[in-house]
Every structure is written in structure tokens, then in C-alpha cells.
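Data block below; observations after.
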Amino acid sequence: MSAHIPVLVEPLLRLTNPTDGRLDRVIDGTLGAGGHSRAMLQAGAREGLGFDLDEAAIEIARRNLAPYLDRVTYAHSSYVDMREVACRRGWREVDAIILDLGLSSMQLDDPGRGFAFRHEGPLDMRFDALNDGVNAEELVNSLPERDLADLFFRYGEEKAACKIAGAIVAQRPIHSTGELASLIITELGNRRRMTKIHPATKVFQALRIAVNRELESLDKALPIAVDLLRPGGRLAVIAFHSLEDRIVKRSFRDLAQEVVAPPGMASIEEKRALVKLVNRKPIVPGDIELNSNPRSRSAKLRVVEKLNFD
């Protein structure tokens with residue numbers, strides 16, 4: 001299993017540091033192995049609160065963050081619940097929030113989790129393996145052909161969605177990652193040579209997103225995170241594919257937009273900006289990081305700062 005390497009650490013530390021330098025309470029909404037939390041604590045954060053749906057990841061993070069034992073609290077929960085969990089801890093506001101979206105190397109490299117097409121394993125793909133919710137195998141074997149095609153196109157932007165869905169329905173039941181990947185390779189032939197990605201990449205992405213309701217959670221969590229920030233506090237989001245980044249970009253733009261009615265135009269609904277954009281264009285990995293961690297190649301970092309209305 002590969003060691004998980006946190007991405008964009010240097011710009012994350014630089015851009016999440018509040019202008020007043022106060023970094024007492026930090027929420028890591030996607031704890032993983034704890035790499036970003038460790039970097040924030042080393043940089044001076046006094047306390048951390050880490051969320052993850054994957055209990056195995058939390059146990060790894062506990063070991064990695066052992067030197068900060070008294071400064072970190074762990075929550076086996078979704079980052080959507082950050083406000084409730086923070087309030088139970090007595091945190092009414094925080095200085096910085098980090099969301100590093102998508103899949104960790106630990107999850108991807110574990111055949112038993114069913115995330116990877118290059119490993120033979122069960123078609124699971126649940127972040128929370130202890131949850132009784134629907135898994136990828138259930139979706140693949142129960143959804144009507146049209147719904148499968150829609151899922152592959154919507155969440156994977158797979159152009160051959162209809163063709164793949166038809167082949168799946170014709171060969172069901174499908175029980176393993178290897179079975180599904182082989183079927184897709186058979187249907188799409190040599191597409192990998194033309195696109196440089198494995199033919200099953202987009203279908204596996206789509207299933208993972210659907211199983212874990214990732215986009216719905218992200219859309220819901222962004223305004224919650226901003227509400228939880230203190231004035232001057234910062235929210236940083238690292239996205240790894242266009243669907244995530246689109247949601248982040250749109251949400252940040254809407255939260256930063258201010259509408260003031262001109263004189264005599266009281267019918268226009270006014271809107272106050274809640275944040276300002278710290279970086280208008282996303283930060284992406286440089287050559288040095290790409291060489292040391294090729295999996296960082298699609299990462300995009302966007303940061304906003306909560307405005308002060310006093």
C-alpha cells in the first residue's frame with residue numbers, strides 16, 4: 001500500500017493563514033492519513049478537529065498525529081456535520097477549514113475497498129465501510145440500463161455511457177472490480193491509447209461519487225463551512241476533477257457576489273457578499289510536486305476568506 005502524500009501543502013499553509021496570524025482552531029474535513037492536519041499543527045495551529053467517514057483512515061491518522069495527542073479531536077463523520085460536531089466541542093467559530101476531496105492513496109491501494117480497477121476486489125466503494133448503505137455492486141446490478149447510463153455520464157462524463165450500460169445489463173450479475181473493468185475494456189477496445197487513461201476510469205469515478213453522494217455533500221457543506229468560520233477565517237478546498245471544482249468555483253463565486261440596488265430600483269433583491277476570493281485562479285501543483293507525487297496532477301486549490309461585517 002502506497003504512503004499517502006498530502007498535496008499542495010505549501011500553498012495551503014500560505015493561503016489559509018489568516019491575515020491577523022491567529023490560527024487557534026482548524027477543521028480538517030477530510031482527515032485521511034492526517035498529512036494536512038500535521039502540516040497545520042506544525043505551522044502553529046493550536047487545536048485540530050478531523051473528520052473522516054473511513055474509520056480505518058482515522059486510526060492511521062491517530063498514529064501519524066500521535067505527537068499532537070492532546071491537540072487533535074477525531075470525528076467518524078462526514079464534513080457535512082462539521083457545525084454540529086464543532087458546537088458539541090464548544091467551538092462556535094474556527095480560524096481555518098480544509099477540504100481535500102476525493103480518494104486517498106490508502107483507499108485506492110486497498111483491494112478490499114473496491115475503488116480501483118487495477119486490483120481484483122469486491123465492488124464496494126463506500127468510504128464508510130461500516131455503513132449499511134448501498135454499494136457499487138448493488139448499483140451495477142440493480143439500476144435500469146437508462147439510469148446506469150445517466151449515472152456514468154453525469155458523474156463520470158463518460159461519452160460511451162450508453163454502450164457501457166448496455167453491456168453491463170447484458171452480462172449481469174457483476175460482482176468484482178476485475179469483472180467490471182474487463183467488461184469495459186472489451187467494450188471500449190483501445191481507447192486507452194488515444195486518451196492516456198484507463199477505459200474504466202470514468203465509470204469507477206462515477207460509481208464512487210454516486211455511492212458516497214460526494215457532490216451533494218460538497219454542495220451542502222460549503223456554505224456551512226463559511227458560516228462556521230470567524231471573520232477573517234479561511235476555507236480551502238482541493239478538488240481533483242471538474243465536477244468537484246465546478247461546484248467549488250460556483251459556490252465561492254456566489255458567496256463572494258454582492259448585489260446593491262441602484263437608487264430607485266428597490267425591487268432588485270440586494271445581496272451581501274459573505275467572502276472574498278483569496279485566489280481567483282486555482283493553485284495547481286508545480287513540477288517538483290508532480291515529479292514526486294504524480295497523483296497530484298489534477299489537484300486544484302481554491303481559497304476564500306470570510307468577510308468582517310462590523
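Chain lettering (A, B, ...) mirrors the order of the C-alpha cells, residue numbering begins at 1 for each chain separately, and ligand numbering begins at 1 in order of display.
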
Contacts of Gly29 in chain A at 8 Å or less, counting only C-alpha atoms, minus same-chain residues fewer than 4 places along, as a VMD selection string?
-> chain A and resid 50 to 52 78 to 79 82 97 to 100

Per DSSP on the backbone, filter range 78-268 of chain A down to the residues in alpha helix (DSSP H) and report them as a ChimeraX atom specification.
-> /A:82-88,105-108,136-142,145-156,161-171,177-188,191-195,201-212,214-228,242-256

Excluding Arg280 in chain A and any residue of its chain fewer than 3 positions from it, enumerate the residues within 9 Å of it, using only C-alpha atoms, and give them as a PyMOL selection string.
-> chain A and resi 277+302-303

Shell around Leu123 in chain A at 8 Å using only C-alpha atoms, local window under 3 positions removed, as number ranges by chain | A: 113-115, 135-137, 175-177

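Considering only C-alpha atoms, the residue among A:Phe117, A:Phe127, A:Tyr68, A:Trp91 positioned nearest to Asp54 in chain A is A:Phe127.
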
Using only C-alpha atoms: which of A:Ala43, A:Ala221, A:Leu180, A:Ala160 has the shortest distance to Val80 in chain A = A:Ala221

May I have the residues within 7 Å of Asn212 in chain A as a list in words, using only C-alpha atoms and disregarding those fewer than 2 positions away in the same chain?
-> Arg126, Phe127, Arg208, Ile209, Ala210 and Glu214 of chain A

Skip Asp95 in chain A itself and residues of its chain fewer than 2 positions away, then list as a PDB file with C-alpha atoms, in the first residue's frame all residues within 7 Å of it, counting only C-alpha atoms.
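The file below, selection.pdb, is the result:
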ATOM      1  CA  LEU A  23      -4.683  30.174  13.902  1.00  0.00           C
ATOM      2  CA  ASP A  24      -6.139  28.636  17.041  1.00  0.00           C
ATOM      3  CA  ARG A  25      -8.763  26.198  15.726  1.00  0.00           C
ATOM      4  CA  VAL A  26      -8.564  24.280  12.468  1.00  0.00           C
ATOM      5  CA  LEU A 229     -15.577  30.493  10.081  1.00  0.00           C
ATOM      6  CA  ARG A 230     -14.816  33.535  12.168  1.00  0.00           C
ATOM      7  CA  GLY A 233     -11.003  32.901   8.764  1.00  0.00           C
ATOM      8  CA  ARG A 234     -10.315  30.953   5.590  1.00  0.00           C
TER       9      ARG A 234
END

Rank A:Asp245, A:Val278, A:Lys220, A:Leu65 by their smallest atom-to-atom distance to Pro18 in chain A, using only C-alpha atoms, and report the top residue only.
-> A:Val278

Spatial neighbours of Ile238 in chain A, max dist 10 Å, only C-alpha atoms, sep filter under 6 positions, as a PyMOL selection string = chain A and resi 7-8+12+98-102+244-245+248+282-284+298-303

Determine which residues of range 83-213 of chain A receive a DSSP assignment of strand (DSSP E), computed from the backbone, and state them as JSON, numbers by chain.
-> {"A": [94, 95, 96, 97, 98, 99, 100]}

Emit the selected residues as a tab-separated table (two decimals), in the first residue's frame, including N, CA, C and O atoms.
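Once written, selection28.tsv looks like this:
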chain	number	residue	atom	x	y	z
A	94	VAL	N	-14.28	28.95	13.90
A	94	VAL	CA	-12.93	28.41	13.70
A	94	VAL	C	-12.14	29.33	12.79
A	94	VAL	O	-12.70	30.19	12.09
A	95	ASP	N	-10.83	29.12	12.78
A	95	ASP	CA	-9.94	30.00	12.02
A	95	ASP	C	-9.69	29.52	10.60
A	95	ASP	O	-9.42	30.33	9.71
A	96	ALA	N	-9.73	28.21	10.39
A	96	ALA	CA	-9.46	27.68	9.05
A	96	ALA	C	-10.14	26.32	8.91
A	96	ALA	O	-10.26	25.56	9.87
A	97	ILE	N	-10.59	26.04	7.69
A	97	ILE	CA	-11.20	24.76	7.35
A	97	ILE	C	-10.58	24.26	6.06
A	97	ILE	O	-10.44	25.02	5.09
A	98	ILE	N	-10.22	22.97	6.04
A	98	ILE	CA	-9.60	22.34	4.87
A	98	ILE	C	-10.50	21.21	4.38
A	98	ILE	O	-10.94	20.38	5.17
A	99	LEU	N	-10.73	21.17	3.07
A	99	LEU	CA	-11.41	20.04	2.44
A	99	LEU	C	-10.53	19.55	1.29
A	99	LEU	O	-10.37	20.27	0.30
A	100	ASP	N	-9.97	18.37	1.45
A	100	ASP	CA	-9.16	17.74	0.40
A	100	ASP	C	-10.01	16.60	-0.18
A	100	ASP	O	-10.07	15.52	0.38

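Relative to CA of Arg14 in chain A, CA of Ala75 in chain A is found at 25.8 Å.
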
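Closest approach to Arg118 in chain A among A:Ala200, A:Leu255, A:Ala239, A:Leu307 is made by A:Ala200 (distances from only C-alpha atoms).
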